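Asks: I'd like to ask you about the structure that follows.
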Amino acid sequence: MIEAQATARNIRTSAQKAGLVCTLIRGKNVNQALATLQFTKKTIARDLAKVLRSAVANAQHKEGFGGDVERLFVAACYANQGPSLKRVRPAPMGRAFRIVKRTAHLTVLVAERPLRIARVAEGGPAAPPSKKTAQAEKAGAAKAGAKASAATGARKKAGSAAGAKKTAGKKAKA
């Protein structure tokens, strides 16, 4: 299973804002994630799409990659806090307020989904079921359905009897 990652450092946004967009694409196929980022209204989505494309390119250059981009998915996507730029803003009466301009490190990890291979019986290909066994299965399912509906009817009757006792008790008190 191939894994590849890409990181963009010192992106001018807070890690909290970037994390909101990261949760949108985590666990999705690469194509679905790119489509989601394309129509997301957050400006960080453009930077995150760029990092995702870079991670896909890194996966394609790895040795042992199957060549099918459709099998890649976003295994992990997170935003860590980067260094903060501290600035000063003039305030009334000679004071100064501090402004913190935050940055984030965006990381996207893509992995290849394993192929699902159908298990074959040891004796060779399995023979299709005969008509008699199919009819027996249908009859068994019908019997089970009849038992379930009978049990449901019994519960409904018991519930209506309990409801009748409650209403009778209320009428007697009045």
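Residues in the structure tokens are named by chain (A, B, ... in the order shown) and by number from 1 within that chain; ligands are numbered from 1 in the order shown.
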Pick out the residues sitting within 6 Å of Cys77 (chain A), and hand them over as a PDB file with N, CA, C and O atoms, in the first residue's frame; count only C-alpha atoms, and ignore anything fewer than 2 positions along from it in its own chain.

Replies:
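The new file around13.pdb reads:
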```
ATOM      1  N   CYS A  22     -10.144  21.017   6.423  1.00  0.00           N
ATOM      2  CA  CYS A  22      -9.508  19.697   6.415  1.00  0.00           C
ATOM      3  C   CYS A  22     -10.517  18.596   6.755  1.00  0.00           C
ATOM      4  O   CYS A  22     -10.467  17.507   6.180  1.00  0.00           O
ATOM      5  N   ARG A  26     -11.271  14.780   4.669  1.00  0.00           N
ATOM      6  CA  ARG A  26     -10.617  13.635   5.302  1.00  0.00           C
ATOM      7  C   ARG A  26     -11.409  12.353   5.038  1.00  0.00           C
ATOM      8  O   ARG A  26     -12.616  12.299   5.260  1.00  0.00           O
ATOM      9  N   THR A 107      -0.847  19.761   6.080  1.00  0.00           N
ATOM     10  CA  THR A 107      -0.306  18.456   5.713  1.00  0.00           C
ATOM     11  C   THR A 107      -1.425  17.571   5.198  1.00  0.00           C
ATOM     12  O   THR A 107      -2.482  17.472   5.827  1.00  0.00           O
ATOM     13  N   VAL A 108      -1.184  16.940   4.036  1.00  0.00           N
ATOM     14  CA  VAL A 108      -2.151  16.012   3.449  1.00  0.00           C
ATOM     15  C   VAL A 108      -1.420  14.700   3.183  1.00  0.00           C
ATOM     16  O   VAL A 108      -0.356  14.687   2.567  1.00  0.00           O
TER      17      VAL A 108
END
```

Asks: Find the residues around Gly82 (chain A) up to 7 Å (only C-alpha atoms counted), leave out those fewer than 6 positions away in its own chain, and share them as an NGL selection string.

Replies: :A and (10 or 103-105)

Asks: Would you save the residues of that selection, restricted to N, CA and C atoms, as an mmCIF file, in the first residue's frame?

Replies:
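File selection17.cif, as written:
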```
data_model
loop_
_atom_site.group_PDB
_atom_site.id
_atom_site.type_symbol
_atom_site.label_atom_id
_atom_site.label_comp_id
_atom_site.auth_asym_id
_atom_site.auth_seq_id
_atom_site.Cartn_x
_atom_site.Cartn_y
_atom_site.Cartn_z
ATOM 1 N N ASN A 10 3.885 27.667 6.665
ATOM 2 C CA ASN A 10 3.734 29.111 6.859
ATOM 3 C C ASN A 10 2.654 29.725 5.965
ATOM 4 N N THR A 103 -0.041 31.778 11.403
ATOM 5 C CA THR A 103 0.260 30.968 10.226
ATOM 6 C C THR A 103 -0.013 29.508 10.554
ATOM 7 N N ALA A 104 -0.093 28.694 9.519
ATOM 8 C CA ALA A 104 -0.389 27.272 9.707
ATOM 9 C C ALA A 104 0.460 26.436 8.756
ATOM 10 N N HIS A 105 0.694 25.209 9.157
ATOM 11 C CA HIS A 105 1.360 24.222 8.311
ATOM 12 C C HIS A 105 0.293 23.211 7.895
#
```

Asks: May I have the residues within 12 Å of Thr36 (chain A) as a list in words, using only C-alpha atoms and disregarding those fewer than 2 positions away in the same chain?

Replies: Val21, Cys22, Thr23, Leu24, Ile25, Arg26, Lys28, Asn29, Val30, Asn31, Gln32, Ala33, Leu34, Gln38, Phe39, Thr40, Lys41, Lys42, Ala45, Arg46, Leu48, Ala49 and Leu52 of chain A

Asks: Those same residues, written as a CSV table (one decimal), in the first residue's frame with C-alpha atoms?

Replies:
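What ended up in result_25.csv:
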```csv
chain,number,residue,atom,x,y,z
A,21,VAL,CA,-11.8,22.7,5.7
A,22,CYS,CA,-9.5,19.7,6.4
A,23,THR,CA,-12.4,17.9,8.0
A,24,LEU,CA,-14.4,18.2,4.8
A,25,ILE,CA,-12.0,16.1,2.8
A,26,ARG,CA,-10.6,13.6,5.3
A,28,LYS,CA,-12.7,10.9,0.8
A,29,ASN,CA,-11.4,9.8,-2.6
A,30,VAL,CA,-9.0,12.2,-4.2
A,31,ASN,CA,-11.4,13.2,-7.0
A,32,GLN,CA,-14.2,13.8,-4.5
A,33,ALA,CA,-11.9,15.8,-2.2
A,34,LEU,CA,-10.8,18.1,-5.1
A,38,GLN,CA,-13.3,23.6,-5.6
A,39,PHE,CA,-16.8,24.5,-4.4
A,40,THR,CA,-15.8,25.5,-0.8
A,41,LYS,CA,-16.1,29.2,-0.2
A,42,LYS,CA,-13.1,29.4,2.2
A,45,ALA,CA,-9.5,25.7,0.2
A,46,ARG,CA,-7.3,26.8,-2.8
A,48,LEU,CA,-5.3,22.9,0.4
A,49,ALA,CA,-6.2,21.8,-3.1
A,52,LEU,CA,-3.5,17.7,-2.2
```

Asks: Write out as number ranges by chain each polymer residue whose atoms come within 8 Å of region 109-121 of chain A, counting only C-alpha atoms; drop sequence neighbours fewer than 2 positions from it.

Replies: A: 1-6, 55-56, 59, 71-77, 107, 123-126

Asks: Can you work out the spacing between CA of Ser84 (chain A) and CA of Gly19 (chain A) in Å, to one decimal?

Replies: 16.8 Å

Asks: Please determine, counting only C-alpha atoms, which residue among A:Lys101, A:Arg12, A:His61, A:Lys50 has the shortest atom-to-atom distance to Val88 (chain A).

Replies: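 Counting only C-alpha atoms, the residue closest to Val88 (chain A) is A:Lys101.
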
Asks: My list of candidates is A:Ser54, A:Thr7, A:Thr43, A:Ser14. Which is closest to Pro83 (chain A) when distances are computed with only C-alpha atoms?

Replies: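 That would be A:Ser14, the residue with the smallest distance to Pro83 (chain A).
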
Asks: Can you list every residue in region 17-143 of chain A that DSSP puts in helix (DSSP H, G or I), as a VMD selection string?

Replies: chain A and resid 17 to 25 30 to 38 44 to 60 69 to 71 92 to 94 131 to 143

Asks: Using only C-alpha atoms, find the one residue out of A:Ala18, A:Arg98, A:Gln81, A:Arg53 that sits nearest to Val69 (chain A).

Replies: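 For Val69 (chain A), the nearest of the given residues is A:Arg53.
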
Asks: Just give me the gap between CA of Pro90 (chain A) and CA of Ile44 (chain A) in Å, one decimal is fine.

Replies: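 Distance between the two atoms: 29.2 Å.
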
Asks: Work out how far CA of Arg9 (chain A) is from CA of Ala96 (chain A), in Å to one decimal.

Replies: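 Computed distance, CA of Ala96 (chain A) to CA of Arg9 (chain A), equals 29.6 Å.
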
Asks: I need the strand (DSSP E) residues of region 32-140 of chain A per DSSP on the backbone, written as an mmCIF file with C-alpha atoms, in the first residue's frame.

Replies:
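Full text of selection14.cif as output:
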```cif
data_model
loop_
_atom_site.group_PDB
_atom_site.id
_atom_site.type_symbol
_atom_site.label_atom_id
_atom_site.label_comp_id
_atom_site.auth_asym_id
_atom_site.auth_seq_id
_atom_site.Cartn_x
_atom_site.Cartn_y
_atom_site.Cartn_z
ATOM 1 C CA LEU A 72 -6.083 7.037 -3.843
ATOM 2 C CA PHE A 73 -7.899 8.566 -0.884
ATOM 3 C CA VAL A 74 -7.117 11.214 1.720
ATOM 4 C CA ALA A 75 -5.850 9.158 4.655
ATOM 5 C CA ALA A 76 -5.011 12.164 6.846
ATOM 6 C CA CYS A 77 -5.404 15.908 6.521
ATOM 7 C CA TYR A 78 -4.529 18.311 9.297
ATOM 8 C CA ALA A 79 -3.333 21.845 9.990
ATOM 9 C CA ASN A 80 -0.709 22.532 12.645
ATOM 10 C CA GLN A 81 0.010 25.952 14.062
ATOM 11 C CA LEU A 85 3.882 37.227 13.424
ATOM 12 C CA LYS A 86 3.549 39.801 16.204
ATOM 13 C CA ARG A 87 2.694 43.332 15.145
ATOM 14 C CA VAL A 88 1.865 46.516 17.044
ATOM 15 C CA ARG A 89 -1.131 48.715 16.395
ATOM 16 C CA PRO A 90 -1.312 52.229 17.795
ATOM 17 C CA ALA A 96 -0.171 50.035 21.699
ATOM 18 C CA PHE A 97 -2.219 46.929 21.023
ATOM 19 C CA ARG A 98 -0.611 43.714 19.867
ATOM 20 C CA ILE A 99 -1.862 42.034 16.697
ATOM 21 C CA VAL A 100 -1.007 38.378 16.186
ATOM 22 C CA LYS A 101 -0.930 37.274 12.546
ATOM 23 C CA ALA A 104 -0.389 27.272 9.707
ATOM 24 C CA HIS A 105 1.360 24.222 8.311
ATOM 25 C CA LEU A 106 -0.984 22.176 6.076
ATOM 26 C CA THR A 107 -0.306 18.456 5.713
ATOM 27 C CA VAL A 108 -2.151 16.012 3.449
ATOM 28 C CA LEU A 109 -1.455 12.267 3.442
ATOM 29 C CA VAL A 110 -2.864 10.165 0.604
ATOM 30 C CA ALA A 111 -2.897 6.366 0.537
ATOM 31 C CA GLU A 112 -3.888 3.694 -1.933
#
```
